[in-house]
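As stored in structure_3.cif (mmCIF, C-alpha atoms):
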```cif
data_input
loop_
_atom_site.group_PDB
_atom_site.id
_atom_site.type_symbol
_atom_site.label_atom_id
_atom_site.label_comp_id
_atom_site.auth_asym_id
_atom_site.auth_seq_id
_atom_site.Cartn_x
_atom_site.Cartn_y
_atom_site.Cartn_z
ATOM 1 C CA MET Q 1 -11.397 -124.955 -49.647
ATOM 2 C CA CYS Q 2 -10.212 -126.095 -53.091
ATOM 3 C CA SER Q 3 -9.096 -123.727 -55.775
ATOM 4 C CA GLU Q 4 -10.968 -123.793 -59.081
ATOM 5 C CA SER Q 5 -8.184 -125.764 -60.824
ATOM 6 C CA GLU Q 6 -8.091 -128.313 -58.000
ATOM 7 C CA SER Q 7 -11.835 -128.685 -58.260
ATOM 8 C CA LEU Q 8 -11.607 -129.186 -62.021
ATOM 9 C CA GLU Q 9 -8.810 -131.722 -61.509
ATOM 10 C CA GLN Q 10 -10.949 -133.587 -58.988
ATOM 11 C CA LYS Q 11 -13.829 -133.663 -61.462
ATOM 12 C CA LEU Q 12 -11.546 -134.984 -64.182
ATOM 13 C CA ARG Q 13 -10.257 -137.733 -61.872
ATOM 14 C CA LEU Q 14 -13.846 -138.666 -61.013
ATOM 15 C CA VAL Q 15 -14.803 -138.953 -64.691
ATOM 16 C CA HIS Q 16 -11.701 -141.006 -65.491
ATOM 17 C CA SER Q 17 -12.253 -143.371 -62.559
ATOM 18 C CA THR Q 18 -15.924 -143.880 -63.443
ATOM 19 C CA ILE Q 19 -15.301 -145.015 -67.039
ATOM 20 C CA ARG Q 20 -15.288 -148.823 -67.214
ATOM 21 C CA SER Q 21 -13.028 -150.877 -69.435
ATOM 22 C CA TYR Q 22 -14.107 -154.204 -70.933
ATOM 23 C CA PRO Q 23 -11.278 -156.219 -72.508
ATOM 24 C CA ASP Q 24 -12.081 -158.262 -75.625
ATOM 25 C CA PHE Q 25 -15.402 -156.542 -76.340
ATOM 26 C CA PRO Q 26 -16.931 -156.552 -78.887
ATOM 27 C CA THR Q 27 -14.118 -158.679 -80.313
ATOM 28 C CA GLU Q 28 -10.861 -160.091 -79.040
ATOM 29 C CA GLY Q 29 -8.081 -157.524 -78.751
ATOM 30 C CA ILE Q 30 -10.446 -154.538 -78.323
ATOM 31 C CA VAL Q 31 -10.764 -152.733 -74.990
ATOM 32 C CA PHE Q 32 -14.230 -151.174 -74.870
ATOM 33 C CA ARG Q 33 -14.421 -147.906 -72.886
ATOM 34 C CA ASP Q 34 -17.904 -147.612 -71.405
ATOM 35 C CA ILE Q 35 -19.323 -144.183 -70.503
ATOM 36 C CA PHE Q 36 -22.614 -145.557 -69.165
ATOM 37 C CA PRO Q 37 -21.284 -145.724 -65.571
ATOM 38 C CA VAL Q 38 -20.595 -141.974 -65.898
ATOM 39 C CA LEU Q 39 -24.242 -141.438 -66.812
ATOM 40 C CA HIS Q 40 -25.349 -143.597 -63.892
ATOM 41 C CA ASP Q 41 -23.350 -141.512 -61.395
ATOM 42 C CA PRO Q 42 -24.908 -138.032 -61.069
ATOM 43 C CA LYS Q 43 -21.679 -136.495 -59.737
ATOM 44 C CA ALA Q 44 -19.596 -137.912 -62.599
ATOM 45 C CA PHE Q 45 -22.182 -136.892 -65.191
ATOM 46 C CA SER Q 46 -22.321 -133.348 -63.773
ATOM 47 C CA ALA Q 47 -18.519 -133.292 -63.756
ATOM 48 C CA VAL Q 48 -18.446 -134.003 -67.514
ATOM 49 C CA ILE Q 49 -20.835 -131.134 -68.211
ATOM 50 C CA ASP Q 50 -18.962 -128.801 -65.830
ATOM 51 C CA LEU Q 51 -15.596 -129.643 -67.434
ATOM 52 C CA PHE Q 52 -16.954 -129.086 -70.945
ATOM 53 C CA GLU Q 53 -18.602 -125.828 -69.892
ATOM 54 C CA ASP Q 54 -15.421 -124.551 -68.241
ATOM 55 C CA HIS Q 55 -13.336 -125.343 -71.332
ATOM 56 C CA LEU Q 56 -15.835 -123.718 -73.690
ATOM 57 C CA LYS Q 57 -16.204 -120.532 -71.664
ATOM 58 C CA LYS Q 58 -12.415 -120.146 -71.512
ATOM 59 C CA THR Q 59 -11.946 -120.910 -75.216
ATOM 60 C CA PHE Q 60 -14.850 -119.429 -77.198
ATOM 61 C CA PRO Q 61 -16.406 -116.023 -76.477
ATOM 62 C CA VAL Q 62 -19.464 -116.812 -78.630
ATOM 63 C CA ILE Q 63 -21.141 -120.117 -79.502
ATOM 64 C CA ASP Q 64 -24.388 -120.129 -81.500
ATOM 65 C CA LEU Q 65 -25.291 -123.844 -81.516
ATOM 66 C CA PHE Q 66 -24.307 -127.215 -80.147
ATOM 67 C CA VAL Q 67 -24.384 -130.152 -82.543
ATOM 68 C CA GLY Q 68 -24.700 -133.620 -81.020
ATOM 69 C CA LEU Q 69 -23.854 -136.815 -82.866
ATOM 70 C CA ASP Q 70 -26.172 -139.816 -82.960
ATOM 71 C CA ALA Q 71 -26.584 -141.212 -80.403
ATOM 72 C CA ARG Q 72 -24.372 -140.544 -77.390
ATOM 73 C CA GLY Q 73 -23.610 -136.958 -78.380
ATOM 74 C CA PHE Q 74 -27.324 -136.438 -77.702
ATOM 75 C CA LEU Q 75 -26.627 -137.118 -74.017
ATOM 76 C CA PHE Q 76 -24.251 -134.176 -73.580
ATOM 77 C CA ALA Q 77 -24.950 -131.527 -76.240
ATOM 78 C CA PRO Q 78 -28.533 -130.625 -75.205
ATOM 79 C CA ILE Q 79 -27.464 -130.070 -71.607
ATOM 80 C CA LEU Q 80 -24.632 -127.808 -72.746
ATOM 81 C CA ALA Q 81 -27.056 -125.963 -75.018
ATOM 82 C CA GLN Q 82 -29.389 -125.414 -72.081
ATOM 83 C CA ARG Q 83 -26.545 -124.147 -69.858
ATOM 84 C CA PHE Q 84 -25.450 -121.700 -72.568
ATOM 85 C CA GLY Q 85 -29.016 -120.675 -73.476
ATOM 86 C CA ILE Q 86 -28.592 -121.653 -77.132
ATOM 87 C CA GLY Q 87 -29.935 -124.295 -79.521
ATOM 88 C CA PHE Q 88 -29.108 -127.947 -80.072
ATOM 89 C CA VAL Q 89 -29.000 -129.644 -83.489
ATOM 90 C CA PRO Q 90 -28.836 -133.411 -83.948
ATOM 91 C CA VAL Q 91 -26.737 -135.132 -86.598
ATOM 92 C CA ARG Q 92 -28.416 -138.493 -87.166
ATOM 93 C CA LYS Q 93 -27.926 -141.675 -89.093
ATOM 94 C CA LYS Q 94 -29.523 -141.499 -92.551
ATOM 95 C CA GLY Q 95 -33.294 -141.846 -92.672
ATOM 96 C CA LYS Q 96 -34.020 -140.718 -89.101
ATOM 97 C CA LEU Q 97 -34.887 -137.057 -89.705
ATOM 98 C CA PRO Q 98 -38.053 -135.655 -91.336
ATOM 99 C CA GLY Q 99 -38.098 -132.981 -93.993
ATOM 100 C CA PRO Q 100 -35.349 -131.898 -96.368
ATOM 101 C CA THR Q 101 -31.897 -132.979 -95.197
ATOM 102 C CA LEU Q 102 -28.232 -132.660 -96.095
ATOM 103 C CA SER Q 103 -26.166 -135.827 -95.892
ATOM 104 C CA VAL Q 104 -22.627 -137.052 -96.137
ATOM 105 C CA SER Q 105 -21.276 -140.578 -96.640
ATOM 106 C CA TYR Q 106 -18.161 -141.878 -94.965
ATOM 107 C CA SER Q 107 -16.172 -145.087 -94.793
ATOM 108 C CA LEU Q 108 -16.283 -147.542 -91.948
ATOM 109 C CA GLU Q 109 -13.873 -150.393 -91.376
ATOM 110 C CA TYR Q 110 -16.227 -152.749 -93.239
ATOM 111 C CA GLY Q 111 -18.494 -150.619 -95.383
ATOM 112 C CA GLU Q 112 -20.101 -147.221 -95.675
ATOM 113 C CA ALA Q 113 -22.351 -145.121 -93.458
ATOM 114 C CA GLU Q 114 -24.198 -141.856 -93.890
ATOM 115 C CA VAL Q 115 -25.142 -139.043 -91.509
ATOM 116 C CA GLU Q 116 -27.540 -136.188 -92.055
ATOM 117 C CA LEU Q 117 -29.084 -133.099 -90.560
ATOM 118 C CA GLN Q 118 -32.161 -131.086 -91.386
ATOM 119 C CA ARG Q 119 -31.369 -128.647 -94.170
ATOM 120 C CA ASP Q 120 -32.686 -125.462 -92.528
ATOM 121 C CA VAL Q 121 -31.350 -125.720 -88.950
ATOM 122 C CA ILE Q 122 -27.876 -124.213 -89.368
ATOM 123 C CA GLN Q 123 -27.182 -120.911 -91.074
ATOM 124 C CA ALA Q 124 -23.944 -119.929 -92.804
ATOM 125 C CA ASN Q 125 -21.323 -118.529 -90.405
ATOM 126 C CA GLN Q 126 -23.062 -119.757 -87.250
ATOM 127 C CA LYS Q 127 -20.480 -120.716 -84.635
ATOM 128 C CA VAL Q 128 -20.996 -124.367 -83.719
ATOM 129 C CA VAL Q 129 -19.421 -126.910 -81.389
ATOM 130 C CA ILE Q 130 -19.773 -130.622 -82.161
ATOM 131 C CA VAL Q 131 -20.196 -133.019 -79.227
ATOM 132 C CA ASP Q 132 -19.837 -136.810 -79.048
ATOM 133 C CA ASP Q 133 -18.942 -139.357 -76.423
ATOM 134 C CA LEU Q 134 -15.854 -140.924 -77.975
ATOM 135 C CA LEU Q 135 -13.303 -140.350 -80.715
ATOM 136 C CA ALA Q 136 -11.816 -143.552 -82.091
ATOM 137 C CA THR Q 137 -10.875 -143.669 -85.778
ATOM 138 C CA GLY Q 138 -12.561 -140.310 -86.437
ATOM 139 C CA GLY Q 139 -14.945 -141.386 -89.188
ATOM 140 C CA THR Q 140 -18.201 -140.129 -87.682
ATOM 141 C CA LEU Q 141 -16.794 -136.910 -86.258
ATOM 142 C CA SER Q 142 -15.018 -136.144 -89.536
ATOM 143 C CA ALA Q 143 -18.239 -136.807 -91.473
ATOM 144 C CA ALA Q 144 -20.105 -134.433 -89.155
ATOM 145 C CA CYS Q 145 -17.481 -131.753 -89.847
ATOM 146 C CA ASP Q 146 -17.923 -132.314 -93.600
ATOM 147 C CA LEU Q 147 -21.693 -132.074 -93.200
ATOM 148 C CA LEU Q 148 -21.465 -128.821 -91.253
ATOM 149 C CA ASN Q 149 -19.035 -127.404 -93.803
ATOM 150 C CA LYS Q 150 -21.793 -127.948 -96.403
ATOM 151 C CA THR Q 151 -23.988 -125.550 -94.407
ATOM 152 C CA GLY Q 152 -21.286 -122.890 -94.223
ATOM 153 C CA ALA Q 153 -21.147 -123.172 -90.432
ATOM 154 C CA ASN Q 154 -18.083 -121.986 -88.560
ATOM 155 C CA ILE Q 155 -16.957 -125.088 -86.628
ATOM 156 C CA LEU Q 156 -15.253 -123.854 -83.473
ATOM 157 C CA GLY Q 157 -14.264 -127.282 -82.235
ATOM 158 C CA CYS Q 158 -15.210 -130.804 -81.254
ATOM 159 C CA LEU Q 159 -15.739 -132.109 -77.720
ATOM 160 C CA VAL Q 160 -15.537 -135.753 -76.653
ATOM 161 C CA VAL Q 161 -15.481 -137.425 -73.280
ATOM 162 C CA ILE Q 162 -12.998 -140.116 -74.389
ATOM 163 C CA GLU Q 163 -10.288 -140.064 -77.044
ATOM 164 C CA LEU Q 164 -8.573 -143.294 -78.068
ATOM 165 C CA LYS Q 165 -5.220 -141.703 -78.964
ATOM 166 C CA ALA Q 166 -3.636 -144.787 -80.576
ATOM 167 C CA LEU Q 167 -6.282 -144.761 -83.330
ATOM 168 C CA ASN Q 168 -5.296 -141.227 -84.485
ATOM 169 C CA GLY Q 169 -8.869 -140.106 -85.103
ATOM 170 C CA ALA Q 170 -8.013 -136.451 -84.470
ATOM 171 C CA LYS Q 171 -5.979 -136.411 -87.693
ATOM 172 C CA LYS Q 172 -9.199 -136.920 -89.700
ATOM 173 C CA LEU Q 173 -10.679 -133.709 -88.316
ATOM 174 C CA ASN Q 174 -8.592 -131.607 -90.713
ATOM 175 C CA CYS Q 175 -7.337 -129.150 -88.107
ATOM 176 C CA VAL Q 176 -10.682 -128.629 -86.349
ATOM 177 C CA PRO Q 177 -9.691 -128.258 -82.677
ATOM 178 C CA LEU Q 178 -10.489 -131.257 -80.490
ATOM 179 C CA HIS Q 179 -10.952 -131.240 -76.727
ATOM 180 C CA SER Q 180 -11.131 -134.617 -74.992
ATOM 181 C CA LEU Q 181 -11.539 -135.040 -71.252
ATOM 182 C CA VAL Q 182 -9.976 -138.500 -70.962
ATOM 183 C CA GLN Q 183 -7.419 -140.132 -73.236
ATOM 184 C CA PHE Q 184 -6.588 -143.823 -73.479
#
```

Starting from the file, lay out its structure as structure tokens.
Amino acid sequence: MCSESESLEQKLRLVHSTIRSYPDFPTEGIVFRDIFPVLHDPKAFSAVIDLFEDHLKKTFPVIDLFVGLDARGFLFAPILAQRFGIGFVPVRKKGKLPGPTLSVSYSLEYGEAEVELQRDVIQANQKVVIVDDLLATGGTLSAACDLLNKTGANILGCLVVIELKALNGAKKLNCVPLHSLVQF
């Protein structure tokens, strides 16, 4: 029988081995890290959720909400919310949410983008965890942190499946703790 840490290590190895790499996609010199094989494999997908849940339970005694980023954060955050018995809030690209919204603009490599959330879904001082699939340059995750700061939320941390360490995206999070399962 495996100990808990061995089991967690096995799950981490499964997730890592299931991620596919595509050299020169979408452009030459880029190695695209694809999480879709993880979603296709029920054991690997469950392993991601289990690993996130284990980390969160060990790290944060209370979480009020999970915030998922458009679009792949939507794949993980609602399941975590269900496991913890709490709510899920989407952060979407501008123009995708009805009703009054808060928004924040941020810079991309070649232009600007904007994310938003519904104005009344997060209360001041609520303890939130932000979830996405990948951290690269940090623009979207940083913008989500800025957006949540506008609400007065208490951002406990950010979770990602994959972190591309060479791009230094974690530096843009302004000291918000980051937990990544797999680093490249």

Item to complete: Within 10 Å of Leu65 in chain Q, counting only C-alpha atoms, which residues show up once you throw out same-chain ones fewer than 3 positions away? Write them as a PyMOL selection string, please.
Response: chain Q and resi 62+68+77-78+80-81+84-89+121-122+126-130+153+155

Next, the residues of the selection above should be written as an mmCIF file, keeping the file's coordinate frame with C-alpha atoms.
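Dumped to again.cif:
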```cif
data_model
loop_
_atom_site.group_PDB
_atom_site.id
_atom_site.type_symbol
_atom_site.label_atom_id
_atom_site.label_comp_id
_atom_site.auth_asym_id
_atom_site.auth_seq_id
_atom_site.Cartn_x
_atom_site.Cartn_y
_atom_site.Cartn_z
ATOM 1 C CA VAL Q 62 -19.464 -116.812 -78.630
ATOM 2 C CA GLY Q 68 -24.700 -133.620 -81.020
ATOM 3 C CA ALA Q 77 -24.950 -131.527 -76.240
ATOM 4 C CA PRO Q 78 -28.533 -130.625 -75.205
ATOM 5 C CA LEU Q 80 -24.632 -127.808 -72.746
ATOM 6 C CA ALA Q 81 -27.056 -125.963 -75.018
ATOM 7 C CA PHE Q 84 -25.450 -121.700 -72.568
ATOM 8 C CA GLY Q 85 -29.016 -120.675 -73.476
ATOM 9 C CA ILE Q 86 -28.592 -121.653 -77.132
ATOM 10 C CA GLY Q 87 -29.935 -124.295 -79.521
ATOM 11 C CA PHE Q 88 -29.108 -127.947 -80.072
ATOM 12 C CA VAL Q 89 -29.000 -129.644 -83.489
ATOM 13 C CA VAL Q 121 -31.350 -125.720 -88.950
ATOM 14 C CA ILE Q 122 -27.876 -124.213 -89.368
ATOM 15 C CA GLN Q 126 -23.062 -119.757 -87.250
ATOM 16 C CA LYS Q 127 -20.480 -120.716 -84.635
ATOM 17 C CA VAL Q 128 -20.996 -124.367 -83.719
ATOM 18 C CA VAL Q 129 -19.421 -126.910 -81.389
ATOM 19 C CA ILE Q 130 -19.773 -130.622 -82.161
ATOM 20 C CA ALA Q 153 -21.147 -123.172 -90.432
ATOM 21 C CA ILE Q 155 -16.957 -125.088 -86.628
#
```

Which polymer residues have any atom within 12 Å of an atom of range 31-38 of chain Q, counting all atoms listed in the file, with same-chain residues fewer than 6 positions away left out, as a CSV table (one decimal) with C-alpha atoms, in the frame of the given file?
```csv
chain,number,residue,atom,x,y,z
Q,11,LYS,CA,-13.8,-133.7,-61.5
Q,12,LEU,CA,-11.5,-135.0,-64.2
Q,13,ARG,CA,-10.3,-137.7,-61.9
Q,14,LEU,CA,-13.8,-138.7,-61.0
Q,15,VAL,CA,-14.8,-139.0,-64.7
Q,16,HIS,CA,-11.7,-141.0,-65.5
Q,17,SER,CA,-12.3,-143.4,-62.6
Q,18,THR,CA,-15.9,-143.9,-63.4
Q,19,ILE,CA,-15.3,-145.0,-67.0
Q,20,ARG,CA,-15.3,-148.8,-67.2
Q,21,SER,CA,-13.0,-150.9,-69.4
Q,22,TYR,CA,-14.1,-154.2,-70.9
Q,23,PRO,CA,-11.3,-156.2,-72.5
Q,24,ASP,CA,-12.1,-158.3,-75.6
Q,25,PHE,CA,-15.4,-156.5,-76.3
Q,44,ALA,CA,-19.6,-137.9,-62.6
Q,45,PHE,CA,-22.2,-136.9,-65.2
Q,46,SER,CA,-22.3,-133.3,-63.8
Q,47,ALA,CA,-18.5,-133.3,-63.8
Q,48,VAL,CA,-18.4,-134.0,-67.5
Q,49,ILE,CA,-20.8,-131.1,-68.2
Q,72,ARG,CA,-24.4,-140.5,-77.4
Q,73,GLY,CA,-23.6,-137.0,-78.4
Q,75,LEU,CA,-26.6,-137.1,-74.0
Q,76,PHE,CA,-24.3,-134.2,-73.6
Q,132,ASP,CA,-19.8,-136.8,-79.0
Q,133,ASP,CA,-18.9,-139.4,-76.4
Q,134,LEU,CA,-15.9,-140.9,-78.0
Q,135,LEU,CA,-13.3,-140.4,-80.7
Q,136,ALA,CA,-11.8,-143.6,-82.1
Q,160,VAL,CA,-15.5,-135.8,-76.7
Q,161,VAL,CA,-15.5,-137.4,-73.3
Q,162,ILE,CA,-13.0,-140.1,-74.4
Q,163,GLU,CA,-10.3,-140.1,-77.0
Q,164,LEU,CA,-8.6,-143.3,-78.1
Q,182,VAL,CA,-10.0,-138.5,-71.0
Q,183,GLN,CA,-7.4,-140.1,-73.2
Q,184,PHE,CA,-6.6,-143.8,-73.5
```

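CA of Leu69 in chain Q is found 14.6 Å from CA of Leu173 in chain Q.
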
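For the residues Q:Thr151, Q:Leu51, Q:Leu156, Q:Ser142, ranking by smallest atom-to-atom distance to Lys172 in chain Q using only C-alpha atoms places Q:Ser142 first.
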
Item to complete: List the residues matched by the PyMOL selection byres ((chain Q and resi 147) around 12) in the displayed structure as a VMD selection string, ordered by chain and then by residue number.
Response: chain Q and resid 67 69 90 to 92 101 to 106 114 to 119 122 130 140 to 146 148 to 155

Worksheet, complete the sentence: Between CA of Asp70 in chain Q and CA of Lys96 in chain Q lies a distance of 10.0 Å

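The space separating CA of Gly157 in chain Q from CA of Lys43 in chain Q comes to 25.4 Å.
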
Centre and edge lengths of an axis-aligned box around all listed atoms of range 42-57 of chain Q, with 5 Å added on each side, are to be given in Å to one decimal, as AutoDock Vina command-line options.
```
--center_x -19.1 --center_y -129.3 --center_z -66.7 --size_x 21.6 --size_y 27.5 --size_z 24.0
```
